[in-house]
Structure formats: structure tokens, C-alpha cells
file entry_31.pdb (PDB, C-alpha atoms and all ligand atoms)
ATOM      1  CA  MET A   1     102.398  90.796 104.811
ATOM      2  CA  THR A   2     104.262  87.555 104.097
ATOM      3  CA  GLU A   3     107.299  87.267 101.833
ATOM      4  CA  LYS A   4     105.163  85.358  99.341
ATOM      5  CA  GLN A   5     102.615  88.208  99.298
ATOM      6  CA  VAL A   6     105.385  90.747  98.683
ATOM      7  CA  GLN A   7     106.547  88.677  95.698
ATOM      8  CA  LEU A   8     102.988  88.369  94.337
ATOM      9  CA  ILE A   9     102.539  92.132  94.510
ATOM     10  CA  LYS A  10     105.862  92.892  92.856
ATOM     11  CA  HIS A  11     105.192  90.448  90.028
ATOM     12  CA  SER A  12     101.592  91.511  89.398
ATOM     13  CA  TRP A  13     102.565  95.209  89.500
ATOM     14  CA  LYS A  14     105.206  94.554  86.831
ATOM     15  CA  LEU A  15     102.577  92.947  84.595
ATOM     16  CA  PHE A  16     100.062  95.706  85.299
ATOM     17  CA  ARG A  17     102.495  98.494  84.461
ATOM     18  CA  SER A  18     102.827  97.269  80.878
ATOM     19  CA  ILE A  19      99.271  98.505  80.200
ATOM     20  CA  ASP A  20      98.787 101.936  78.604
ATOM     21  CA  PRO A  21      98.647 104.448  81.518
ATOM     22  CA  ALA A  22      95.961 106.563  79.837
ATOM     23  CA  LEU A  23      93.683 103.548  79.608
ATOM     24  CA  ILE A  24      94.277 102.528  83.207
ATOM     25  CA  GLY A  25      93.742 106.098  84.350
ATOM     26  CA  ASP A  26      90.360 106.227  82.620
ATOM     27  CA  VAL A  27      89.296 102.936  84.202
ATOM     28  CA  PHE A  28      90.515 103.851  87.691
ATOM     29  CA  TYR A  29      88.996 107.342  87.881
ATOM     30  CA  GLY A  30      85.870 106.218  86.048
ATOM     31  CA  LYS A  31      85.327 103.599  88.743
ATOM     32  CA  LEU A  32      86.247 105.975  91.566
ATOM     33  CA  PHE A  33      83.770 108.652  90.453
ATOM     34  CA  GLN A  34      81.099 106.045  89.862
ATOM     35  CA  LEU A  35      81.561 104.786  93.437
ATOM     36  CA  MET A  36      81.638 108.311  94.907
ATOM     37  CA  PRO A  37      80.681 111.118  92.469
ATOM     38  CA  SER A  38      81.263 113.755  95.153
ATOM     39  CA  LEU A  39      85.042 113.193  94.823
ATOM     40  CA  LYS A  40      85.181 114.498  91.240
ATOM     41  CA  PRO A  41      85.462 118.236  91.990
ATOM     42  CA  MET A  42      88.527 117.550  94.170
ATOM     43  CA  PHE A  43      90.570 116.538  91.131
ATOM     44  CA  PRO A  44      91.943 118.644  88.246
ATOM     45  CA  ASP A  45      90.419 118.375  84.747
ATOM     46  CA  SER A  46      93.436 116.621  83.253
ATOM     47  CA  MET A  47      93.685 113.273  84.949
ATOM     48  CA  THR A  48      96.582 111.837  82.904
ATOM     49  CA  GLU A  49      99.222 113.645  84.916
ATOM     50  CA  GLN A  50      97.426 112.737  88.118
ATOM     51  CA  TYR A  51      97.426 109.095  87.170
ATOM     52  CA  ILE A  52     101.152 109.112  86.396
ATOM     53  CA  LYS A  53     101.850 110.623  89.837
ATOM     54  CA  ILE A  54      99.858 108.027  91.706
ATOM     55  CA  VAL A  55     101.376 105.161  89.677
ATOM     56  CA  ASP A  56     104.911 106.462  90.318
ATOM     57  CA  THR A  57     104.157 106.624  94.039
ATOM     58  CA  LEU A  58     102.723 103.112  94.037
ATOM     59  CA  SER A  59     105.848 101.917  92.191
ATOM     60  CA  LEU A  60     107.984 103.388  94.955
ATOM     61  CA  VAL A  61     105.825 101.689  97.595
ATOM     62  CA  VAL A  62     105.909  98.338  95.778
ATOM     63  CA  ALA A  63     109.697  98.543  95.391
ATOM     64  CA  ARG A  64     110.086  99.118  99.161
ATOM     65  CA  LEU A  65     107.283  96.871 100.324
ATOM     66  CA  ASP A  66     109.523  94.772 102.544
ATOM     67  CA  LYS A  67     111.090  97.854 104.134
ATOM     68  CA  LEU A  68     108.388 100.519 104.189
ATOM     69  CA  ASP A  69     110.031 102.179 107.210
ATOM     70  CA  GLU A  70     112.646 103.570 104.818
ATOM     71  CA  ILE A  71     110.021 105.687 103.025
ATOM     72  CA  ASN A  72     107.993 106.528 106.101
ATOM     73  CA  GLN A  73     108.821 110.230 105.761
ATOM     74  CA  GLU A  74     107.634 110.384 102.116
ATOM     75  CA  ILE A  75     104.423 108.551 103.020
ATOM     76  CA  THR A  76     103.779 110.898 105.945
ATOM     77  CA  GLN A  77     104.335 114.014 103.811
ATOM     78  CA  LEU A  78     102.071 112.628 101.075
ATOM     79  CA  ALA A  79      99.356 111.933 103.653
ATOM     80  CA  VAL A  80      99.606 115.429 105.125
ATOM     81  CA  ARG A  81      99.337 117.012 101.619
ATOM     82  CA  HIS A  82      96.167 114.985 101.117
ATOM     83  CA  VAL A  83      94.525 116.715 104.082
ATOM     84  CA  GLN A  84      94.945 119.974 102.132
ATOM     85  CA  TYR A  85      93.316 118.397  99.072
ATOM     86  CA  GLY A  86      90.227 117.887 101.248
ATOM     87  CA  VAL A  87      90.707 114.123 101.649
ATOM     88  CA  LYS A  88      88.964 112.527 104.641
ATOM     89  CA  PRO A  89      89.907 109.181 106.272
ATOM     90  CA  ALA A  90      86.775 107.493 104.874
ATOM     91  CA  HIS A  91      87.867 108.275 101.288
ATOM     92  CA  TYR A  92      90.775 105.831 101.546
ATOM     93  CA  ALA A  93      88.495 102.790 101.470
ATOM     94  CA  VAL A  94      86.775 103.999  98.275
ATOM     95  CA  VAL A  95      90.094 104.689  96.550
ATOM     96  CA  GLY A  96      91.255 101.217  97.617
ATOM     97  CA  GLN A  97      88.126  99.669  96.142
ATOM     98  CA  ALA A  98      88.669 101.478  92.805
ATOM     99  CA  LEU A  99      92.361 100.531  92.789
ATOM    100  CA  LEU A 100      91.739  96.834  93.430
ATOM    101  CA  TRP A 101      88.949  96.783  90.850
ATOM    102  CA  THR A 102      91.295  98.350  88.262
ATOM    103  CA  LEU A 103      94.045  95.843  89.079
ATOM    104  CA  GLU A 104      91.541  93.025  88.673
ATOM    105  CA  LYS A 105      90.418  94.276  85.249
ATOM    106  CA  GLY A 106      93.987  94.908  84.096
ATOM    107  CA  LEU A 107      95.445  91.603  85.282
ATOM    108  CA  GLY A 108      92.668  89.332  84.026
ATOM    109  CA  ASN A 109      93.658  85.704  84.677
ATOM    110  CA  ASP A 110      96.665  86.803  86.709
ATOM    111  CA  TRP A 111      94.271  88.244  89.314
ATOM    112  CA  THR A 112      94.064  85.142  91.534
ATOM    113  CA  PRO A 113      92.567  85.033  95.063
ATOM    114  CA  GLU A 114      96.130  85.038  96.465
ATOM    115  CA  VAL A 115      97.064  88.136  94.454
ATOM    116  CA  ALA A 116      93.837  89.850  95.540
ATOM    117  CA  GLU A 117      94.541  89.076  99.212
ATOM    118  CA  ALA A 118      98.118  90.356  98.902
ATOM    119  CA  TRP A 119      96.966  93.670  97.347
ATOM    120  CA  LEU A 120      94.282  94.069  99.979
ATOM    121  CA  ARG A 121      96.913  93.716 102.727
ATOM    122  CA  CYS A 122      99.255  96.093 100.886
ATOM    123  CA  TYR A 123      96.628  98.808 100.446
ATOM    124  CA  GLU A 124      95.459  98.405 104.041
ATOM    125  CA  LYS A 125      98.991  98.851 105.276
ATOM    126  CA  LEU A 126      99.648 101.917 103.115
ATOM    127  CA  SER A 127      96.313 103.593 103.797
ATOM    128  CA  ASN A 128      96.474 102.894 107.552
ATOM    129  CA  THR A 129      99.948 104.437 107.654
ATOM    130  CA  MET A 130      98.717 107.508 105.738
ATOM    131  CA  ILE A 131      95.573 107.926 107.862
ATOM    132  CA  LEU A 132      97.549 107.576 111.090
ATOM    133  CA  ALA A 133     100.164 110.084 109.907
ATOM    134  CA  ALA A 134      97.605 112.664 108.764
ATOM    135  CA  TYR A 135      94.750 112.339 111.244
ATOM    136  CA  GLY A 136      96.373 110.607 114.214
ATOM    137  CA  THR A 137      93.992 107.636 114.073
ATOM    138  CA  SER A 138      93.227 104.730 111.753
TER     139      SER A 138
HETATM  140  C1  LIG B   1      97.377 105.030  98.958
HETATM  141  C2  LIG B   1      96.720 106.059  98.659
HETATM  142  C3  LIG B   1      97.107 107.228  97.793
HETATM  143  C4  LIG B   1      98.248 107.500  97.072
HETATM  144  C5  LIG B   1      99.484 106.637  96.916
HETATM  145  C6  LIG B   1      98.046 108.810  96.456
HETATM  146  C7  LIG B   1      98.972 109.464  95.664
HETATM  147  C8  LIG B   1      98.842 110.767  95.202
HETATM  148  C9  LIG B   1      99.876 111.535  94.573
HETATM  149  C10 LIG B   1     101.303 111.027  94.316
HETATM  150  C11 LIG B   1      99.379 112.757  94.277
HETATM  151  C12 LIG B   1     100.145 113.902  93.581
HETATM  152  C13 LIG B   1     100.298 115.120  94.454
HETATM  153  C14 LIG B   1     101.170 114.905  95.679
HETATM  154  O1  LIG B   1     102.175 114.181  95.633
HETATM  155  O2  LIG B   1     100.812 115.488  96.724
HETATM  156  C15 LIG B   1      98.007 112.770  94.720
HETATM  157  C16 LIG B   1      97.146 113.833  94.614
HETATM  158  C17 LIG B   1      95.817 113.810  94.975
HETATM  159  N1  LIG B   1      95.152 112.752  95.550
HETATM  160 FE1  LIG B   1      95.968 111.028  96.159
HETATM  161  N2  LIG B   1      96.803 109.265  96.787
HETATM  162  C18 LIG B   1      96.208 108.332  97.599
HETATM  163  C19 LIG B   1      94.961 108.413  98.177
HETATM  164  C20 LIG B   1      94.036 109.377  97.886
HETATM  165  C21 LIG B   1      92.685 109.403  98.408
HETATM  166  C22 LIG B   1      92.083 108.395  99.379
HETATM  167  C23 LIG B   1      92.088 110.486  97.878
HETATM  168  C24 LIG B   1      90.653 110.876  98.140
HETATM  169  C25 LIG B   1      89.815 111.199  97.225
HETATM  170  C26 LIG B   1      93.068 111.182  97.025
HETATM  171  C27 LIG B   1      92.865 112.348  96.331
HETATM  172  C28 LIG B   1      93.860 113.115  95.757
HETATM  173  C29 LIG B   1      93.650 114.487  95.266
HETATM  174  C30 LIG B   1      92.356 115.267  95.308
HETATM  175  C31 LIG B   1      94.891 114.916  94.777
HETATM  176  C32 LIG B   1      95.252 116.298  94.229
HETATM  177  C33 LIG B   1      94.982 116.450  92.790
HETATM  178  C34 LIG B   1      95.492 117.796  92.313
HETATM  179  O3  LIG B   1      94.962 118.814  92.752
HETATM  180  O4  LIG B   1      96.419 117.804  91.530
HETATM  181  N3  LIG B   1      94.220 110.460  97.058
HETATM  182  N4  LIG B   1      97.704 111.546  95.280
END
call {"tool": "encode", "arguments": {"input": "entry_31.pdb", "output": "C-alpha cells"}}
result
Amino acid sequence: MTEKQVQLIKHSWKLFRSIDPALIGDVFYGKLFQLMPSLKPMFPDSMTEQYIKIVDTLSLVVARLDKLDEINQEITQLAVRHVQYGVKPAHYAVVGQALLWTLEKGLGNDWTPEVAEAWLRCYEKLSNTMILAAYGTS
């Protein structure tokens, strides 16, 4: 990820976070379960709390994007917990698709091809790290 891409992610995340979390949560999980309905039973009924947790984690990742090694332990532990939730490596791509789609809807005109490319790289990096940590392959 280039320095420019790190800046694009930080800026777009700041804009995105000003949107009502409940609304974003509905859009994100709505899209996720539309893409893969079989994932729904894995999640609790109340998704608001779930959404806040994932957004807080993404905020931590975005804040440390240029030095992800510093939070390697947190990322590894998160990935290992996900194995217990029943998450498989292939699920990461679907979650990434739903996340990028939600960012696109939320950012509107601020979702440029450069921003999209930067987020794709960011999610790839995070998900590859998690998959490698939890399953030993990516
Ligand atoms: C970059 C990717 C992801 C991030 C940052 C993330 C973040 C989180 C966080 C912070 C939690 C709260 C619980 C905890 O900390 O252990 C959580 C729970 C969970 N995540 Fe993820 N997640 C990611 C990918 C995925 C994927 C690919 C799936 C597959 C469907 C998934 C399914 C779940 C489920 C089922 C729970 C537990 C819900 C519950 O029982 O409360 N996550 N995730």
C-alpha cells in the first residue's frame, strides 16, 4: 500500500464514520446476507452491537495502517476467535465485497477509483493476515 493510498483510506474512513452506525449496519449486513444467506445464523439477533465492534476494529486498523505490525497480536487473536465463530477462509472475500459495497454507497461521490483501489488493497492485506494467522495459509 502506498503512502497516498494510506491517506485516501484515512480520509474516506473519517467521512464514512459520520454516517449513522445503525444505518450503515443495516446496509452492510443486508448486503452480506443477500450475497451469502447461509452466514445469517452465525450472527446474533441484535446486529447493532456487532456493527459497532467491527467499526471500532476497522478504526484501529485504519489508524495503524502504516504500521500494522504493531497490532499484529490483536489481529491474530481476532482471527483465531473467528475460527470459533465458524468462519472459513472463503468467507473473507464475501465480507470484503459487502464492506466495499457499503463504503461505496456511504461515500457517494467521494468513492473514486483511487479510493476503491486503496480499500481493496487494505482489505486484502487485513484479510490475508487474518487468514494466515488462523488457518496457516492465505
Ligand atoms: C477484516 C475482517 C473482519 C473484522 C475486522 C471482524 C471484526 C469482528 C469483531 C471485532 C467481532 C467482535 C467479536 C470479537 O472481537 O471476537 C466480530 C465477530 C464476528 N465476526 Fe467478524 N470480522 C471480520 C471478518 C469476518 C468474516 C469474514 C466473518 C464471516 C462470516 C465474520 C463473522 C463474525 C461472526 C460470526 C462474529 C461473532 C458474532 C457474535 O457471536 O457475537 N467476521 N468480528
call {"tool": "residues_near_ligand", "arguments": {"input": "entry_31.pdb", "ligand": "ligand LIG 1 (chain B)", "cutoff": "7 Å", "atoms": "all atoms listed in the file", "output": "VMD selection string"}}
result
chain A and resid 39 42 to 44 50 53 to 54 57 to 58 78 81 to 82 85 to 88 91 to 95 123 126 to 127
call {"tool": "closest_residue", "arguments": {"input": "entry_31.pdb", "among": "A:Asp110, A:Asp45, A:Glu117, A:Asp56", "to": "Lys4 in chain A", "atoms": "all atoms listed in the file"}}
result
A:Glu117
call {"tool": "atom_distance", "arguments": {"input": "entry_31.pdb", "atom1": "CA of Asn128 in chain A", "atom2": "CA of Ala90 in chain A"}}
result
11.1 Å
call {"tool": "closest_atom_pairs", "arguments": {"input": "entry_31.pdb", "of": "range 24-128 of chain A", "to": "range 6-18 of chain A", "cutoff": "7 Å", "atoms": "only C-alpha atoms", "output": "Markdown table"}}
result
| residue | atom | partner | partner_atom | distance |
| --- | --- | --- | --- | --- |
| A:Val62 | CA | A:Lys10 | CA | 6.2 |
| A:Leu65 | CA | A:Val6 | CA | 6.6 |
| A:Asp66 | CA | A:Val6 | CA | 6.9 |
| A:Gly106 | CA | A:Phe16 | CA | 6.2 |
| A:Leu107 | CA | A:Phe16 | CA | 6.2 |
| A:Val115 | CA | A:Leu8 | CA | 5.9 |
| A:Ala118 | CA | A:Ile9 | CA | 6.5 |
| A:Trp119 | CA | A:Ile9 | CA | 6.4 |
call {"tool": "residues_near_point", "arguments": {"input": "entry_31.pdb", "point": "(89.3, 100.4, 95.4)", "cutoff": "12 Å", "atoms": "only C-alpha atoms", "output": "PDB file with C-alpha atoms, in the frame of the given file"}}
result
ATOM      1  CA  VAL A  27      89.296 102.936  84.202  1.00  0.00           C
ATOM      2  CA  PHE A  28      90.515 103.851  87.691  1.00  0.00           C
ATOM      3  CA  TYR A  29      88.996 107.342  87.881  1.00  0.00           C
ATOM      4  CA  GLY A  30      85.870 106.218  86.048  1.00  0.00           C
ATOM      5  CA  LYS A  31      85.327 103.599  88.743  1.00  0.00           C
ATOM      6  CA  LEU A  32      86.247 105.975  91.566  1.00  0.00           C
ATOM      7  CA  PHE A  33      83.770 108.652  90.453  1.00  0.00           C
ATOM      8  CA  GLN A  34      81.099 106.045  89.862  1.00  0.00           C
ATOM      9  CA  LEU A  35      81.561 104.786  93.437  1.00  0.00           C
ATOM     10  CA  MET A  36      81.638 108.311  94.907  1.00  0.00           C
ATOM     11  CA  HIS A  91      87.867 108.275 101.288  1.00  0.00           C
ATOM     12  CA  TYR A  92      90.775 105.831 101.546  1.00  0.00           C
ATOM     13  CA  ALA A  93      88.495 102.790 101.470  1.00  0.00           C
ATOM     14  CA  VAL A  94      86.775 103.999  98.275  1.00  0.00           C
ATOM     15  CA  VAL A  95      90.094 104.689  96.550  1.00  0.00           C
ATOM     16  CA  GLY A  96      91.255 101.217  97.617  1.00  0.00           C
ATOM     17  CA  GLN A  97      88.126  99.669  96.142  1.00  0.00           C
ATOM     18  CA  ALA A  98      88.669 101.478  92.805  1.00  0.00           C
ATOM     19  CA  LEU A  99      92.361 100.531  92.789  1.00  0.00           C
ATOM     20  CA  LEU A 100      91.739  96.834  93.430  1.00  0.00           C
ATOM     21  CA  TRP A 101      88.949  96.783  90.850  1.00  0.00           C
ATOM     22  CA  THR A 102      91.295  98.350  88.262  1.00  0.00           C
ATOM     23  CA  LEU A 103      94.045  95.843  89.079  1.00  0.00           C
ATOM     24  CA  GLU A 104      91.541  93.025  88.673  1.00  0.00           C
ATOM     25  CA  LYS A 105      90.418  94.276  85.249  1.00  0.00           C
ATOM     26  CA  ALA A 116      93.837  89.850  95.540  1.00  0.00           C
ATOM     27  CA  TRP A 119      96.966  93.670  97.347  1.00  0.00           C
ATOM     28  CA  LEU A 120      94.282  94.069  99.979  1.00  0.00           C
ATOM     29  CA  TYR A 123      96.628  98.808 100.446  1.00  0.00           C
ATOM     30  CA  GLU A 124      95.459  98.405 104.041  1.00  0.00           C
ATOM     31  CA  SER A 127      96.313 103.593 103.797  1.00  0.00           C
TER      32      SER A 127
END
call {"tool": "residues_around", "arguments": {"input": "entry_31.pdb", "residues": "Thr129 in chain A", "least_positions_apart": "6", "cutoff": "12 Å", "atoms": "all atoms listed in the file", "output": "PyMOL selection string"}}
result
chain A and resi 61+68-69+71-80+89+92+122-123+135-138
call {"tool": "atom_distance", "arguments": {"input": "entry_31.pdb", "atom1": "CA of Ser38 in chain A", "atom2": "CA of Leu60 in chain A"}}
result
28.7 Å
call {"tool": "decode", "arguments": {"input": "entry_31.pdb", "residues": "range 83-138 of chain A", "atoms": "C-alpha atoms", "output": "PDB file, in the first residue's frame"}}
result
ATOM      1  CA  VAL A  83     -12.411 -19.796  13.727  1.00  0.00           C
ATOM      2  CA  GLN A  84     -14.594 -20.477  16.788  1.00  0.00           C
ATOM      3  CA  TYR A  85     -17.435 -18.452  15.259  1.00  0.00           C
ATOM      4  CA  GLY A  86     -17.383 -20.958  12.385  1.00  0.00           C
ATOM      5  CA  VAL A  87     -15.733 -18.587   9.892  1.00  0.00           C
ATOM      6  CA  LYS A  88     -13.977 -20.232   6.935  1.00  0.00           C
ATOM      7  CA  PRO A  89     -11.234 -18.634   4.774  1.00  0.00           C
ATOM      8  CA  ALA A  90     -13.624 -18.276   1.812  1.00  0.00           C
ATOM      9  CA  HIS A  91     -15.980 -16.083   3.887  1.00  0.00           C
ATOM     10  CA  TYR A  92     -13.424 -13.261   3.969  1.00  0.00           C
ATOM     11  CA  ALA A  93     -13.927 -12.421   0.295  1.00  0.00           C
ATOM     12  CA  VAL A  94     -17.712 -12.118   0.749  1.00  0.00           C
ATOM     13  CA  VAL A  95     -17.336  -9.884   3.804  1.00  0.00           C
ATOM     14  CA  GLY A  96     -14.866  -7.760   1.820  1.00  0.00           C
ATOM     15  CA  GLN A  97     -17.353  -7.443  -1.022  1.00  0.00           C
ATOM     16  CA  ALA A  98     -20.123  -6.318   1.379  1.00  0.00           C
ATOM     17  CA  LEU A  99     -17.755  -3.890   3.118  1.00  0.00           C
ATOM     18  CA  LEU A 100     -16.570  -2.248  -0.102  1.00  0.00           C
ATOM     19  CA  TRP A 101     -20.137  -2.047  -1.396  1.00  0.00           C
ATOM     20  CA  THR A 102     -21.230  -0.328   1.845  1.00  0.00           C
ATOM     21  CA  LEU A 103     -18.317   2.121   1.655  1.00  0.00           C
ATOM     22  CA  GLU A 104     -19.264   2.906  -1.931  1.00  0.00           C
ATOM     23  CA  LYS A 105     -22.896   3.614  -1.006  1.00  0.00           C
ATOM     24  CA  GLY A 106     -21.920   5.666   2.044  1.00  0.00           C
ATOM     25  CA  LEU A 107     -19.237   7.760   0.350  1.00  0.00           C
ATOM     26  CA  GLY A 108     -21.149   8.575  -2.832  1.00  0.00           C
ATOM     27  CA  ASN A 109     -19.053  10.962  -4.948  1.00  0.00           C
ATOM     28  CA  ASP A 110     -16.080  10.535  -2.634  1.00  0.00           C
ATOM     29  CA  TRP A 111     -15.855   6.884  -3.738  1.00  0.00           C
ATOM     30  CA  THR A 112     -13.385   7.409  -6.606  1.00  0.00           C
ATOM     31  CA  PRO A 113     -11.495   4.626  -8.446  1.00  0.00           C
ATOM     32  CA  GLU A 114      -8.379   5.540  -6.419  1.00  0.00           C
ATOM     33  CA  VAL A 115     -10.270   5.251  -3.124  1.00  0.00           C
ATOM     34  CA  ALA A 116     -11.766   1.928  -4.240  1.00  0.00           C
ATOM     35  CA  GLU A 117      -8.319   0.564  -5.151  1.00  0.00           C
ATOM     36  CA  ALA A 118      -6.872   1.705  -1.814  1.00  0.00           C
ATOM     37  CA  TRP A 119      -9.667  -0.022   0.169  1.00  0.00           C
ATOM     38  CA  LEU A 120      -9.291  -3.174  -1.883  1.00  0.00           C
ATOM     39  CA  ARG A 121      -5.571  -3.299  -1.022  1.00  0.00           C
ATOM     40  CA  CYS A 122      -6.321  -2.541   2.636  1.00  0.00           C
ATOM     41  CA  TYR A 123      -8.932  -5.285   2.974  1.00  0.00           C
ATOM     42  CA  GLU A 124      -6.720  -7.761   1.121  1.00  0.00           C
ATOM     43  CA  LYS A 125      -3.875  -7.040   3.484  1.00  0.00           C
ATOM     44  CA  LEU A 126      -6.030  -7.356   6.607  1.00  0.00           C
ATOM     45  CA  SER A 127      -7.889 -10.466   5.482  1.00  0.00           C
ATOM     46  CA  ASN A 128      -4.709 -12.196   4.252  1.00  0.00           C
ATOM     47  CA  THR A 129      -3.080 -11.517   7.620  1.00  0.00           C
ATOM     48  CA  MET A 130      -6.129 -12.912   9.456  1.00  0.00           C
ATOM     49  CA  ILE A 131      -6.412 -15.999   7.228  1.00  0.00           C
ATOM     50  CA  LEU A 132      -2.698 -16.738   7.555  1.00  0.00           C
ATOM     51  CA  ALA A 133      -2.822 -16.321  11.342  1.00  0.00           C
ATOM     52  CA  ALA A 134      -5.897 -18.526  11.783  1.00  0.00           C
ATOM     53  CA  TYR A 135      -5.530 -21.215   9.128  1.00  0.00           C
ATOM     54  CA  GLY A 136      -1.826 -21.101   8.283  1.00  0.00           C
ATOM     55  CA  THR A 137      -2.455 -20.317   4.608  1.00  0.00           C
ATOM     56  CA  SER A 138      -3.855 -17.472   2.521  1.00  0.00           C
TER      57      SER A 138
END
